[in-house]
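Okay, start_10.txt is below, compact mmCIF, N, CA and C atoms:
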# COMPACT_ATOMS: atom_id res chain seq x y z
N MET A 1 0.85 -1.18 0.00
CA MET A 1 0.00 0.00 0.00
C MET A 1 0.89 1.24 0.00
N VAL A 2 0.44 2.29 -0.67
CA VAL A 2 1.14 3.57 -0.72
C VAL A 2 0.31 4.61 0.03
N HIS A 3 0.94 5.29 0.97
CA HIS A 3 0.29 6.35 1.74
C HIS A 3 0.87 7.69 1.26
N GLU A 4 0.03 8.59 0.78
CA GLU A 4 0.49 9.91 0.36
C GLU A 4 0.38 10.85 1.54
N LEU A 5 1.51 11.50 1.89
CA LEU A 5 1.56 12.34 3.08
C LEU A 5 2.27 13.66 2.82
N LYS A 6 1.78 14.70 3.47
CA LYS A 6 2.50 15.98 3.51
C LYS A 6 3.65 15.84 4.49
N ILE A 7 4.74 16.58 4.25
CA ILE A 7 5.85 16.62 5.18
C ILE A 7 6.52 17.99 5.08
N LYS A 8 6.94 18.53 6.22
CA LYS A 8 7.65 19.80 6.21
C LYS A 8 8.91 19.67 5.36
N SER A 9 9.18 20.71 4.58
CA SER A 9 10.28 20.69 3.62
C SER A 9 11.63 20.31 4.24
N GLY A 10 11.92 20.84 5.41
CA GLY A 10 13.21 20.55 6.05
C GLY A 10 13.37 19.08 6.39
N TYR A 11 12.30 18.47 6.84
CA TYR A 11 12.35 17.04 7.15
C TYR A 11 12.53 16.22 5.87
N LEU A 12 11.88 16.65 4.80
CA LEU A 12 12.00 15.95 3.53
C LEU A 12 13.45 15.99 3.03
N VAL A 13 14.08 17.14 3.15
CA VAL A 13 15.49 17.27 2.75
C VAL A 13 16.35 16.29 3.54
N ASP A 14 16.13 16.19 4.84
CA ASP A 14 16.91 15.27 5.67
C ASP A 14 16.69 13.82 5.29
N ILE A 15 15.46 13.47 4.95
CA ILE A 15 15.16 12.10 4.51
C ILE A 15 15.87 11.81 3.19
N LYS A 16 15.80 12.74 2.26
CA LYS A 16 16.44 12.53 0.96
C LYS A 16 17.96 12.48 1.09
N ARG A 17 18.51 13.20 2.05
CA ARG A 17 19.96 13.21 2.31
C ARG A 17 20.39 11.92 2.99
N GLY A 18 19.44 11.24 3.65
CA GLY A 18 19.75 9.99 4.34
C GLY A 18 20.05 10.16 5.81
N SER A 19 19.92 11.38 6.33
CA SER A 19 20.23 11.62 7.75
C SER A 19 19.01 11.41 8.66
N LYS A 20 17.83 11.28 8.09
CA LYS A 20 16.60 11.02 8.87
C LYS A 20 15.98 9.73 8.32
N ASN A 21 16.02 8.67 9.12
CA ASN A 21 15.53 7.38 8.66
C ASN A 21 14.33 6.89 9.48
N PHE A 22 13.54 7.85 9.94
CA PHE A 22 12.34 7.53 10.72
C PHE A 22 11.31 8.63 10.49
N GLU A 23 10.08 8.32 10.81
CA GLU A 23 9.01 9.30 10.72
C GLU A 23 8.06 9.05 11.88
N VAL A 24 7.70 10.10 12.61
CA VAL A 24 6.74 10.00 13.71
C VAL A 24 5.41 10.51 13.19
N ARG A 25 4.37 9.69 13.31
CA ARG A 25 3.08 10.03 12.74
C ARG A 25 1.95 9.58 13.65
N GLU A 26 0.81 10.24 13.52
CA GLU A 26 -0.40 9.71 14.13
C GLU A 26 -0.70 8.40 13.43
N ASP A 27 -1.05 7.40 14.19
CA ASP A 27 -1.27 6.06 13.63
C ASP A 27 -2.73 5.93 13.18
N ASP A 28 -3.08 6.71 12.14
CA ASP A 28 -4.46 6.78 11.68
C ASP A 28 -4.67 6.16 10.29
N ARG A 29 -3.64 5.50 9.76
CA ARG A 29 -3.73 4.97 8.39
C ARG A 29 -3.39 3.49 8.30
N ASN A 30 -3.32 2.82 9.44
CA ASN A 30 -3.00 1.40 9.45
C ASN A 30 -1.67 1.11 8.75
N PHE A 31 -0.64 1.91 9.08
CA PHE A 31 0.69 1.71 8.52
C PHE A 31 1.19 0.31 8.85
N LYS A 32 1.91 -0.30 7.91
CA LYS A 32 2.49 -1.62 8.12
C LYS A 32 3.88 -1.68 7.50
N SER A 33 4.75 -2.51 8.07
CA SER A 33 6.04 -2.76 7.45
C SER A 33 5.81 -3.25 6.03
N GLY A 34 6.60 -2.72 5.11
CA GLY A 34 6.45 -3.07 3.70
C GLY A 34 5.64 -2.06 2.92
N ASP A 35 4.83 -1.24 3.60
CA ASP A 35 4.09 -0.17 2.93
C ASP A 35 5.06 0.91 2.46
N TYR A 36 4.59 1.76 1.57
CA TYR A 36 5.38 2.87 1.05
C TYR A 36 4.75 4.20 1.48
N LEU A 37 5.60 5.18 1.70
CA LEU A 37 5.17 6.55 1.98
C LEU A 37 5.58 7.42 0.80
N HIS A 38 4.61 8.06 0.16
CA HIS A 38 4.90 9.06 -0.87
C HIS A 38 4.88 10.39 -0.13
N LEU A 39 6.05 10.91 0.14
CA LEU A 39 6.20 12.13 0.95
C LEU A 39 6.30 13.33 0.03
N ARG A 40 5.41 14.30 0.23
CA ARG A 40 5.36 15.51 -0.59
C ARG A 40 5.67 16.73 0.28
N GLY A 41 6.70 17.47 -0.10
CA GLY A 41 7.11 18.66 0.63
C GLY A 41 5.99 19.68 0.73
N TYR A 42 5.88 20.29 1.91
CA TYR A 42 4.81 21.24 2.19
C TYR A 42 5.38 22.39 3.00
N HIS A 43 5.11 23.62 2.56
CA HIS A 43 5.63 24.80 3.25
C HIS A 43 4.67 25.97 3.04
N ASN A 44 4.36 26.67 4.12
CA ASN A 44 3.47 27.84 4.06
C ASN A 44 2.14 27.53 3.36
N GLY A 45 1.57 26.36 3.67
CA GLY A 45 0.26 26.02 3.14
C GLY A 45 0.22 25.54 1.71
N GLU A 46 1.40 25.29 1.12
CA GLU A 46 1.44 24.86 -0.27
C GLU A 46 2.44 23.73 -0.46
N TYR A 47 2.17 22.88 -1.44
CA TYR A 47 3.14 21.86 -1.82
C TYR A 47 4.31 22.54 -2.54
N THR A 48 5.52 22.05 -2.29
CA THR A 48 6.72 22.66 -2.86
C THR A 48 7.11 22.05 -4.20
N GLY A 49 6.58 20.88 -4.51
CA GLY A 49 6.98 20.18 -5.73
C GLY A 49 8.07 19.15 -5.47
N ASP A 50 8.69 19.21 -4.29
CA ASP A 50 9.71 18.24 -3.91
C ASP A 50 9.02 17.03 -3.29
N GLU A 51 9.48 15.84 -3.64
CA GLU A 51 8.84 14.63 -3.11
C GLU A 51 9.81 13.46 -3.18
N THR A 52 9.47 12.41 -2.47
CA THR A 52 10.22 11.16 -2.51
C THR A 52 9.32 10.03 -2.05
N VAL A 53 9.75 8.81 -2.34
CA VAL A 53 9.05 7.62 -1.87
C VAL A 53 10.00 6.82 -1.01
N VAL A 54 9.52 6.39 0.15
CA VAL A 54 10.30 5.56 1.06
C VAL A 54 9.47 4.34 1.45
N GLN A 55 10.16 3.33 1.94
CA GLN A 55 9.46 2.13 2.38
C GLN A 55 9.55 2.01 3.90
N ILE A 56 8.45 1.59 4.52
CA ILE A 56 8.43 1.36 5.97
C ILE A 56 9.11 0.03 6.24
N THR A 57 10.13 0.06 7.10
CA THR A 57 10.86 -1.16 7.46
C THR A 57 10.53 -1.63 8.87
N TYR A 58 9.95 -0.73 9.69
CA TYR A 58 9.66 -1.07 11.08
C TYR A 58 8.60 -0.12 11.59
N LYS A 59 7.73 -0.62 12.45
CA LYS A 59 6.71 0.23 13.06
C LYS A 59 6.69 -0.01 14.57
N PHE A 60 6.84 1.08 15.33
CA PHE A 60 6.68 1.03 16.78
C PHE A 60 5.43 1.82 17.12
N SER A 61 4.45 1.17 17.72
CA SER A 61 3.19 1.82 18.07
C SER A 61 3.22 2.31 19.50
N GLY A 62 2.75 3.54 19.70
CA GLY A 62 2.73 4.13 21.03
C GLY A 62 1.63 3.56 21.89
N ASN A 63 1.94 3.37 23.14
CA ASN A 63 0.96 2.93 24.12
C ASN A 63 1.27 3.58 25.47
N ASP A 64 1.75 4.82 25.39
CA ASP A 64 2.14 5.61 26.56
C ASP A 64 3.39 5.06 27.24
N GLU A 65 4.06 4.08 26.64
CA GLU A 65 5.35 3.61 27.15
C GLU A 65 6.45 4.28 26.35
N TYR A 66 7.59 4.42 26.95
CA TYR A 66 8.79 4.93 26.28
C TYR A 66 8.59 6.33 25.71
N GLY A 67 7.65 7.09 26.27
CA GLY A 67 7.47 8.48 25.87
C GLY A 67 6.69 8.71 24.59
N LEU A 68 6.12 7.68 24.02
CA LEU A 68 5.34 7.84 22.80
C LEU A 68 3.86 7.76 23.13
N LYS A 69 3.16 8.84 22.84
CA LYS A 69 1.75 8.95 23.16
C LYS A 69 0.92 7.89 22.42
N LYS A 70 -0.05 7.34 23.11
CA LYS A 70 -0.95 6.36 22.50
C LYS A 70 -1.59 6.97 21.26
N GLY A 71 -1.68 6.18 20.20
CA GLY A 71 -2.27 6.66 18.95
C GLY A 71 -1.26 7.19 17.97
N PHE A 72 0.02 7.19 18.35
CA PHE A 72 1.10 7.63 17.47
C PHE A 72 2.05 6.47 17.22
N CYS A 73 2.87 6.60 16.18
CA CYS A 73 3.83 5.55 15.89
C CYS A 73 5.12 6.17 15.35
N VAL A 74 6.19 5.40 15.49
CA VAL A 74 7.47 5.73 14.88
C VAL A 74 7.67 4.72 13.76
N LEU A 75 7.92 5.22 12.56
CA LEU A 75 8.12 4.36 11.41
C LEU A 75 9.58 4.40 11.00
N GLY A 76 10.23 3.26 10.99
CA GLY A 76 11.56 3.16 10.41
C GLY A 76 11.39 3.15 8.90
N ILE A 77 12.19 3.95 8.19
CA ILE A 77 12.03 4.07 6.74
C ILE A 77 13.37 3.95 6.02
N VAL A 78 13.30 3.53 4.78
CA VAL A 78 14.46 3.49 3.91
C VAL A 78 14.07 4.10 2.57
N GLY A 79 14.95 4.96 2.05
CA GLY A 79 14.69 5.62 0.78
C GLY A 79 15.38 4.90 -0.37
N PHE A 80 15.15 5.41 -1.56
CA PHE A 80 15.69 4.78 -2.76
C PHE A 80 16.55 5.74 -3.55
N ASN A 81 17.02 6.82 -2.94
CA ASN A 81 17.82 7.83 -3.65
C ASN A 81 19.22 7.33 -3.89

Taking this structure as input, can you express it in the form of structure tokens?
Amino acid sequence: MVHELKIKSGYLVDIKRGSKNFEVREDDRNFKSGDYLHLRGYHNGEYTGDETVVQITYKFSGNDEYGLKKGFCVLGIVGFN
């Protein structure tokens, strides 16, 4: 499955550079390992035209343990750049 998501431009740059290999998100889309994220840069209420696709390699779901609020998740991701 491919999930299309907005992402702040600075975070997108870090993901494309390879220095950010995770994404923290509200767990409202039934994310699963093996799914893809189509990340589209967003700044000042508009899409920037910058985008990338990454694959989810790991999902940690929050349950108020380890400082992650219930209903949120940390997604391990790998890019293809």

Checklist entry - Using only C-alpha atoms, which of the listed residues (A:His3, A:Lys16, A:Lys59, A:Lys70) sits closest to A:Arg29? => result A:His3

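Between A:Gly76 and the residues A:Phe31, A:Phe22, A:Tyr42, A:Tyr11, the shortest atom-to-atom distance, using only C-alpha atoms, involves A:Phe22.
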
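With all atoms listed in the file as the atoms that count, the residue of A:Val24, A:Leu68, A:Ile77, A:Leu12 with the shortest distance to A:Thr52 is A:Leu12.
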
Padding 5 Å on every side, please: axis-aligned box over the listed atoms of stretch 22-38 of chain A, centre and edge lengths to one decimal in Å, as lines of an AutoDock Vina configuration file.
center_x = 4.4
center_y = 3.6
center_z = 6.7
size_x = 28.2
size_y = 23.8
size_z = 25.1

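Using only N, CA and C atoms for every distance, the candidate list A:Val78, A:Cys73, A:Val2, A:Leu37 yields A:Cys73 as the residue closest to A:Arg25.
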
Item to check | Residues within 6.5 Å of A:His43, all atoms listed in the file, excluding chain neighbours under 2 positions, as number ranges by chain | outcome: A: 7-9, 41, 45-48

Item to check | Backbone DSSP call of helix (DSSP H, G or I) for stretch 1-66 of chain A, listed as a PyMOL selection string | outcome: chain A and resi 9-17

Item to check | Using only C-alpha atoms: which of A:Ser19, A:Ile56, A:Asp14, A:Glu51 has the shortest distance to A:Met1 | outcome: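 Result for the nearest residue to A:Met1: A:Ile56.
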
Item to check | Coordinates-based distance that separates atom C of A:Phe60 from atom C of A:Ile15 (Å, one decimal) | outcome: 20.1 Å

Next on the checklist: Let's see if you can do this: from backbone DSSP, list all strand (DSSP E or B) residues in chain A, as a VMD selection string.
Outcome noted: chain A and resid 2 to 8 22 to 26 36 to 43 46 to 61 72 to 79

Next on the checklist: Between atom CA of A:Leu75 and atom CA of A:Lys32, what is the distance in Å, rounded to a tenth?
Outcome noted: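 If I compute the distance from atom CA of A:Leu75 to atom CA of A:Lys32, I get 8.8 Å.
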
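Distances here use all atoms listed in the file; by that measure, the residue among A:Leu5, A:Val54, A:Leu39, A:Val13 closest to A:Gly79 is A:Val54.
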
Checklist entry - To one decimal place, how far is atom CA of A:Asp28 from atom C of A:Gly10 in Å? => result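 Straight-line distance from atom CA of A:Asp28 to atom C of A:Gly10 works out to 22.3 Å.
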